[in-house]
Amino acid sequence: MGIFKNGKNEVYKSDLYSDAIRCMIRALEYRDPYTKGHSLRVGEMAALCAREMNMDQSSVIKIHIAGQLHDIGKIGVPDQVLLKEGRLTDDEWLEIRKHPVIGAKILSESEQLSDIAEMIRQHHERWDGTGYPSSLKAEQIDLGGRILALCDTLDAMASTRPYREPLSWDFIRKEISDSMGTQFDPGLSKYASTLADFWKNRFDQEYNGLQDNTIFIDYLQGQHKRIYSLIDEIRAIVNQKNSDMIVVKIRQLASILEIHLRNEDRSLYPDLIKHGNKQVRTLVHRFYSEMGNLSNEYTEFKLKYNKGSKIEADHKLFDEEFNTIITRLLFRLEKEDQELYPLAETIGYQTK
Ligand SMILES: [Fe+2]
Ligand SMILES: [Fe+2]
Ligand SMILES: [Fe+2]
């Protein structure tokens, strides 16, 4: 992160710092794939706004981090609420609304992050005092909190959500300018269009990235082929009852799977969620969570049989468990080949 590069020690410390923050964002993305990219974009926009306002370097850095972590409290919101498709009930809204406070609590573990914790607590406050959690009004709200509120709303309106398509740019610009003095600090009006332009560029960049989609899908299918042939290899060894070799191959399969899933996680799923219609998003969401579960089960299997002797202790049980997990894995990969990848290609073609 270029923003941190001052002195040499500083670089080291701050790289570690920003790495740790990226890990926290990643944790949230595991819970909620829809927030993919949202945290990073809000962070970038908030930092841009702070720079435009000529804030000092350390405030810019703090706002940047606060933007990236503003929704971290969603980690504490139950799945059935966080991942719900369709309208939320009043009680479910109450659950969601706890996230600024949970986020601030998480960050308040560190004295050094207390300013950032405060901005996070305030990112859903409104200028007119009707926000949450504390109904703060106008300048009672930290400037960082006010900036986050604007950037967060802008990104949310422009992105695809589980319950609706992205809103049009004309609508967004009008909505933001109409909300100055009610939802947002009117002092931020002059930065709103810079932020909207920035967002639009950022979105176009990500969107154009889709043109490589067909190549990317070929690449993922190539990985599938490697996985299929490795599974064939393992099956042959299992029949020969060569336990130590089985352990090595099980591990090899785990690492290929991990790389493959990471590729899908970082590119395929976010693209499909961003550009697909509601039907696509529902399907993608199902694939995403199913694969998460399956990959956890495979990891457990790998850990259980991490030594040849453990296989030899009960070969029959191993054979059974091996067959179960492999059958499920193959079923799943074939379904991706038949449903998910062709879908991704269709969307790639449509956007050209
Ligand atoms: Fe939020
Ligand atoms: Fe947010
Ligand atoms: Fe796959």
# chains A, B, ... in the order shown; residues from 1 in each chain; ligands from 1
call {"tool": "residues_near_ligand", "arguments": {"ligand": "ligand 3", "cutoff": "9 Å", "atoms": "only C-alpha atoms and all ligand atoms", "output": "CSV table (one decimal) with C-alpha atoms, in the first residue's frame"}}
result
chain,number,residue,atom,x,y,z
A,220,LEU,CA,-10.4,-22.7,-14.5
A,221,GLN,CA,-11.6,-25.7,-16.7
A,223,GLN,CA,-7.5,-26.7,-13.4
A,224,HIS,CA,-10.6,-29.0,-13.2
A,257,LEU,CA,-8.1,-27.4,-4.8
A,260,HIS,CA,-8.4,-23.3,-7.7
A,261,LEU,CA,-10.9,-22.2,-5.1
A,263,ASN,CA,-9.1,-18.3,-8.2
A,264,GLU,CA,-12.8,-18.7,-8.3
A,291,MET,CA,-18.2,-25.3,-2.2
A,332,ARG,CA,-19.7,-30.8,-7.6
A,333,LEU,CA,-16.9,-30.1,-10.1
A,334,GLU,CA,-19.0,-31.7,-12.9
A,336,GLU,CA,-19.6,-26.4,-12.2
A,337,ASP,CA,-18.5,-27.6,-15.6
A,340,LEU,CA,-21.6,-22.5,-13.5
A,341,TYR,CA,-18.9,-22.0,-16.1
call {"tool": "residues_near_ligand", "arguments": {"ligand": "ligand 2", "cutoff": "12 Å", "atoms": "only C-alpha atoms and all ligand atoms", "output": "ChimeraX atom specification"}}
result
/A:25,28,32,34-43,46,66-74,96-97,99-100,103,120-124,145,148-157,159,161
call {"tool": "write_last_selection", "arguments": {"atoms": "N, CA and C atoms", "output": "compact mmCIF listing (two decimals), in the first residue's frame"}}
result
# COMPACT_ATOMS: atom_id res chain seq x y z
N ILE A 25 -10.62 -8.06 6.45
CA ILE A 25 -11.62 -7.85 5.40
C ILE A 25 -11.98 -9.20 4.77
N LEU A 28 -14.45 -11.16 6.65
CA LEU A 28 -15.82 -10.70 6.41
C LEU A 28 -16.34 -11.20 5.06
N ASP A 32 -19.80 -13.03 3.83
CA ASP A 32 -20.75 -12.36 2.96
C ASP A 32 -20.09 -11.98 1.63
N TYR A 34 -21.24 -10.79 -0.94
CA TYR A 34 -21.73 -9.57 -1.56
C TYR A 34 -20.90 -8.36 -1.17
N THR A 35 -20.20 -8.45 -0.06
CA THR A 35 -19.40 -7.29 0.34
C THR A 35 -18.05 -7.28 -0.35
N LYS A 36 -17.82 -8.30 -1.18
CA LYS A 36 -16.54 -8.38 -1.90
C LYS A 36 -16.28 -7.07 -2.65
N GLY A 37 -15.16 -6.48 -2.44
CA GLY A 37 -14.83 -5.25 -3.15
C GLY A 37 -15.42 -4.01 -2.49
N HIS A 38 -16.57 -4.17 -1.84
CA HIS A 38 -17.23 -3.01 -1.21
C HIS A 38 -16.30 -2.33 -0.21
N SER A 39 -15.73 -3.10 0.70
CA SER A 39 -14.86 -2.54 1.73
C SER A 39 -13.67 -1.79 1.12
N LEU A 40 -13.06 -2.41 0.11
CA LEU A 40 -11.89 -1.79 -0.50
C LEU A 40 -12.27 -0.49 -1.21
N ARG A 41 -13.40 -0.53 -1.94
CA ARG A 41 -13.82 0.68 -2.67
C ARG A 41 -14.19 1.81 -1.70
N VAL A 42 -14.90 1.49 -0.64
CA VAL A 42 -15.27 2.52 0.32
C VAL A 42 -13.99 3.11 0.94
N GLY A 43 -13.03 2.26 1.25
CA GLY A 43 -11.74 2.74 1.78
C GLY A 43 -11.05 3.70 0.82
N ALA A 46 -13.03 7.01 0.52
CA ALA A 46 -12.93 7.82 1.74
C ALA A 46 -11.56 8.49 1.81
N ALA A 66 -10.41 2.89 8.19
CA ALA A 66 -11.80 2.84 8.69
C ALA A 66 -12.75 2.44 7.56
N GLY A 67 -12.50 2.98 6.36
CA GLY A 67 -13.34 2.65 5.20
C GLY A 67 -13.26 1.17 4.89
N GLN A 68 -12.04 0.63 4.95
CA GLN A 68 -11.87 -0.78 4.61
C GLN A 68 -12.53 -1.70 5.64
N LEU A 69 -12.61 -1.21 6.88
CA LEU A 69 -13.14 -2.07 7.94
C LEU A 69 -14.53 -1.68 8.41
N HIS A 70 -15.16 -0.72 7.72
CA HIS A 70 -16.39 -0.15 8.29
C HIS A 70 -17.48 -1.19 8.57
N ASP A 71 -17.55 -2.25 7.76
CA ASP A 71 -18.61 -3.24 7.95
C ASP A 71 -18.13 -4.50 8.67
N ILE A 72 -16.95 -4.44 9.28
CA ILE A 72 -16.37 -5.63 9.89
C ILE A 72 -17.29 -6.24 10.95
N GLY A 73 -18.14 -5.38 11.56
CA GLY A 73 -19.07 -5.85 12.58
C GLY A 73 -20.11 -6.83 12.04
N LYS A 74 -20.24 -6.91 10.71
CA LYS A 74 -21.19 -7.87 10.13
C LYS A 74 -20.79 -9.31 10.42
N ILE A 96 -29.11 -6.47 11.92
CA ILE A 96 -28.15 -5.84 10.99
C ILE A 96 -27.60 -4.54 11.57
N ARG A 97 -28.50 -3.82 12.22
CA ARG A 97 -28.11 -2.50 12.73
C ARG A 97 -27.13 -2.54 13.88
N HIS A 99 -24.27 -3.87 13.55
CA HIS A 99 -22.91 -4.04 13.05
C HIS A 99 -21.95 -2.87 13.30
N PRO A 100 -22.41 -1.60 13.32
CA PRO A 100 -21.43 -0.54 13.62
C PRO A 100 -20.87 -0.67 15.05
N GLY A 103 -18.56 -3.70 15.22
CA GLY A 103 -17.30 -3.33 14.55
C GLY A 103 -16.43 -2.48 15.46
N ILE A 120 -16.02 3.96 12.65
CA ILE A 120 -16.82 2.78 12.27
C ILE A 120 -18.16 2.78 12.99
N ARG A 121 -18.12 3.12 14.29
CA ARG A 121 -19.36 3.19 15.06
C ARG A 121 -20.34 4.18 14.43
N GLN A 122 -19.77 5.22 13.79
CA GLN A 122 -20.64 6.31 13.32
C GLN A 122 -21.00 6.26 11.84
N HIS A 123 -20.63 5.20 11.13
CA HIS A 123 -20.82 5.27 9.68
C HIS A 123 -22.28 5.20 9.23
N HIS A 124 -23.20 4.87 10.15
CA HIS A 124 -24.62 4.92 9.79
C HIS A 124 -25.38 6.03 10.51
N GLY A 145 -16.55 9.80 10.14
CA GLY A 145 -17.82 9.07 10.09
C GLY A 145 -18.73 9.63 9.01
N LEU A 148 -17.39 8.51 5.63
CA LEU A 148 -17.70 7.09 5.41
C LEU A 148 -19.16 6.91 5.00
N ALA A 149 -20.06 7.66 5.68
CA ALA A 149 -21.48 7.52 5.38
C ALA A 149 -21.75 7.81 3.91
N LEU A 150 -21.13 8.86 3.40
CA LEU A 150 -21.33 9.23 1.99
C LEU A 150 -20.77 8.16 1.06
N CYS A 151 -19.52 7.75 1.31
CA CYS A 151 -18.87 6.78 0.41
C CYS A 151 -19.58 5.43 0.45
N ASP A 152 -20.01 5.03 1.63
CA ASP A 152 -20.70 3.76 1.81
C ASP A 152 -22.01 3.74 1.01
N THR A 153 -22.77 4.81 1.13
CA THR A 153 -24.06 4.87 0.44
C THR A 153 -23.87 4.89 -1.08
N LEU A 154 -22.89 5.67 -1.51
CA LEU A 154 -22.60 5.74 -2.94
C LEU A 154 -22.28 4.35 -3.49
N ASP A 155 -21.40 3.65 -2.80
CA ASP A 155 -21.00 2.32 -3.27
C ASP A 155 -22.16 1.34 -3.22
N ALA A 156 -22.96 1.44 -2.15
CA ALA A 156 -24.10 0.52 -2.00
C ALA A 156 -25.13 0.74 -3.11
N MET A 157 -25.39 2.01 -3.44
CA MET A 157 -26.38 2.28 -4.48
C MET A 157 -25.89 1.81 -5.85
N SER A 159 -23.79 -0.61 -6.49
CA SER A 159 -23.48 -2.04 -6.59
C SER A 159 -24.75 -2.87 -6.66
N ARG A 161 -27.04 -5.59 -5.20
CA ARG A 161 -27.30 -6.16 -3.87
C ARG A 161 -28.14 -7.42 -4.05
call {"tool": "closest_residue", "arguments": {"among": "A:Thr324, A:Ser309, A:Ser177, A:Gln240", "to": "Leu294 in chain A", "atoms": "only C-alpha atoms"}}
result
A:Thr324
call {"tool": "residues_around", "arguments": {"residues": "Phe198 in chain A", "least_positions_apart": "6", "cutoff": "10 Å", "atoms": "only C-alpha atoms", "output": "MDAnalysis selection string"}}
result
chainID A and resid 41 44:45 48 192 204
call {"tool": "select_by_dssp", "arguments": {"residues": "range 126-329 of chain A", "states": "strand (DSSP E or B)", "output": "number ranges by chain"}}
result
A: 161, 164, 180, 184
call {"tool": "write_last_selection", "arguments": {"atoms": "N, CA and C atoms", "output": "PDB file, in the first residue's frame"}}
result
ATOM      1  N   ARG A 161     -27.043  -5.592  -5.198  1.00  0.00           N
ATOM      2  CA  ARG A 161     -27.301  -6.162  -3.874  1.00  0.00           C
ATOM      3  C   ARG A 161     -28.143  -7.418  -4.050  1.00  0.00           C
ATOM      4  N   ARG A 164     -31.625  -6.314  -5.023  1.00  0.00           N
ATOM      5  CA  ARG A 164     -31.958  -5.442  -6.152  1.00  0.00           C
ATOM      6  C   ARG A 164     -30.787  -5.246  -7.121  1.00  0.00           C
ATOM      7  N   MET A 180     -28.210  15.824   0.765  1.00  0.00           N
ATOM      8  CA  MET A 180     -27.281  16.699   1.462  1.00  0.00           C
ATOM      9  C   MET A 180     -28.060  17.516   2.496  1.00  0.00           C
ATOM     10  N   PHE A 184     -26.597  13.431   4.640  1.00  0.00           N
ATOM     11  CA  PHE A 184     -25.155  13.717   4.580  1.00  0.00           C
ATOM     12  C   PHE A 184     -24.815  15.140   4.995  1.00  0.00           C
TER      13      PHE A 184
END
call {"tool": "residues_around", "arguments": {"residues": "Ile237 in chain A", "least_positions_apart": "4", "cutoff": "12 Å", "atoms": "only C-alpha atoms", "output": "count of residues only"}}
result
15
call {"tool": "residues_around", "arguments": {"residues": "Leu283 in chain A", "least_positions_apart": "3", "cutoff": "12 Å", "atoms": "only C-alpha atoms", "output": "list in words"}}
result
Glu85, Pro162, Tyr269, Leu272, Ile273, Gly276, Asn277, Lys278, Gln279, Val280, Arg286, Phe287, Tyr288, Ser289, Glu290, Lys335, Glu336, Glu339, Leu340, Tyr341, Leu343 and Ala344 of chain A
call {"tool": "atom_distance", "arguments": {"atom1": "CA of Gly181 in chain A", "atom2": "CA of Leu107 in chain A"}}
result
29.3 Å
call {"tool": "residues_around", "arguments": {"residues": "Glu321 in chain A", "least_positions_apart": "4", "cutoff": "12 Å", "atoms": "only C-alpha atoms", "output": "PyMOL selection string"}}
result
chain A and resi 297-298+300-302+304-305+311+314-317+325-328
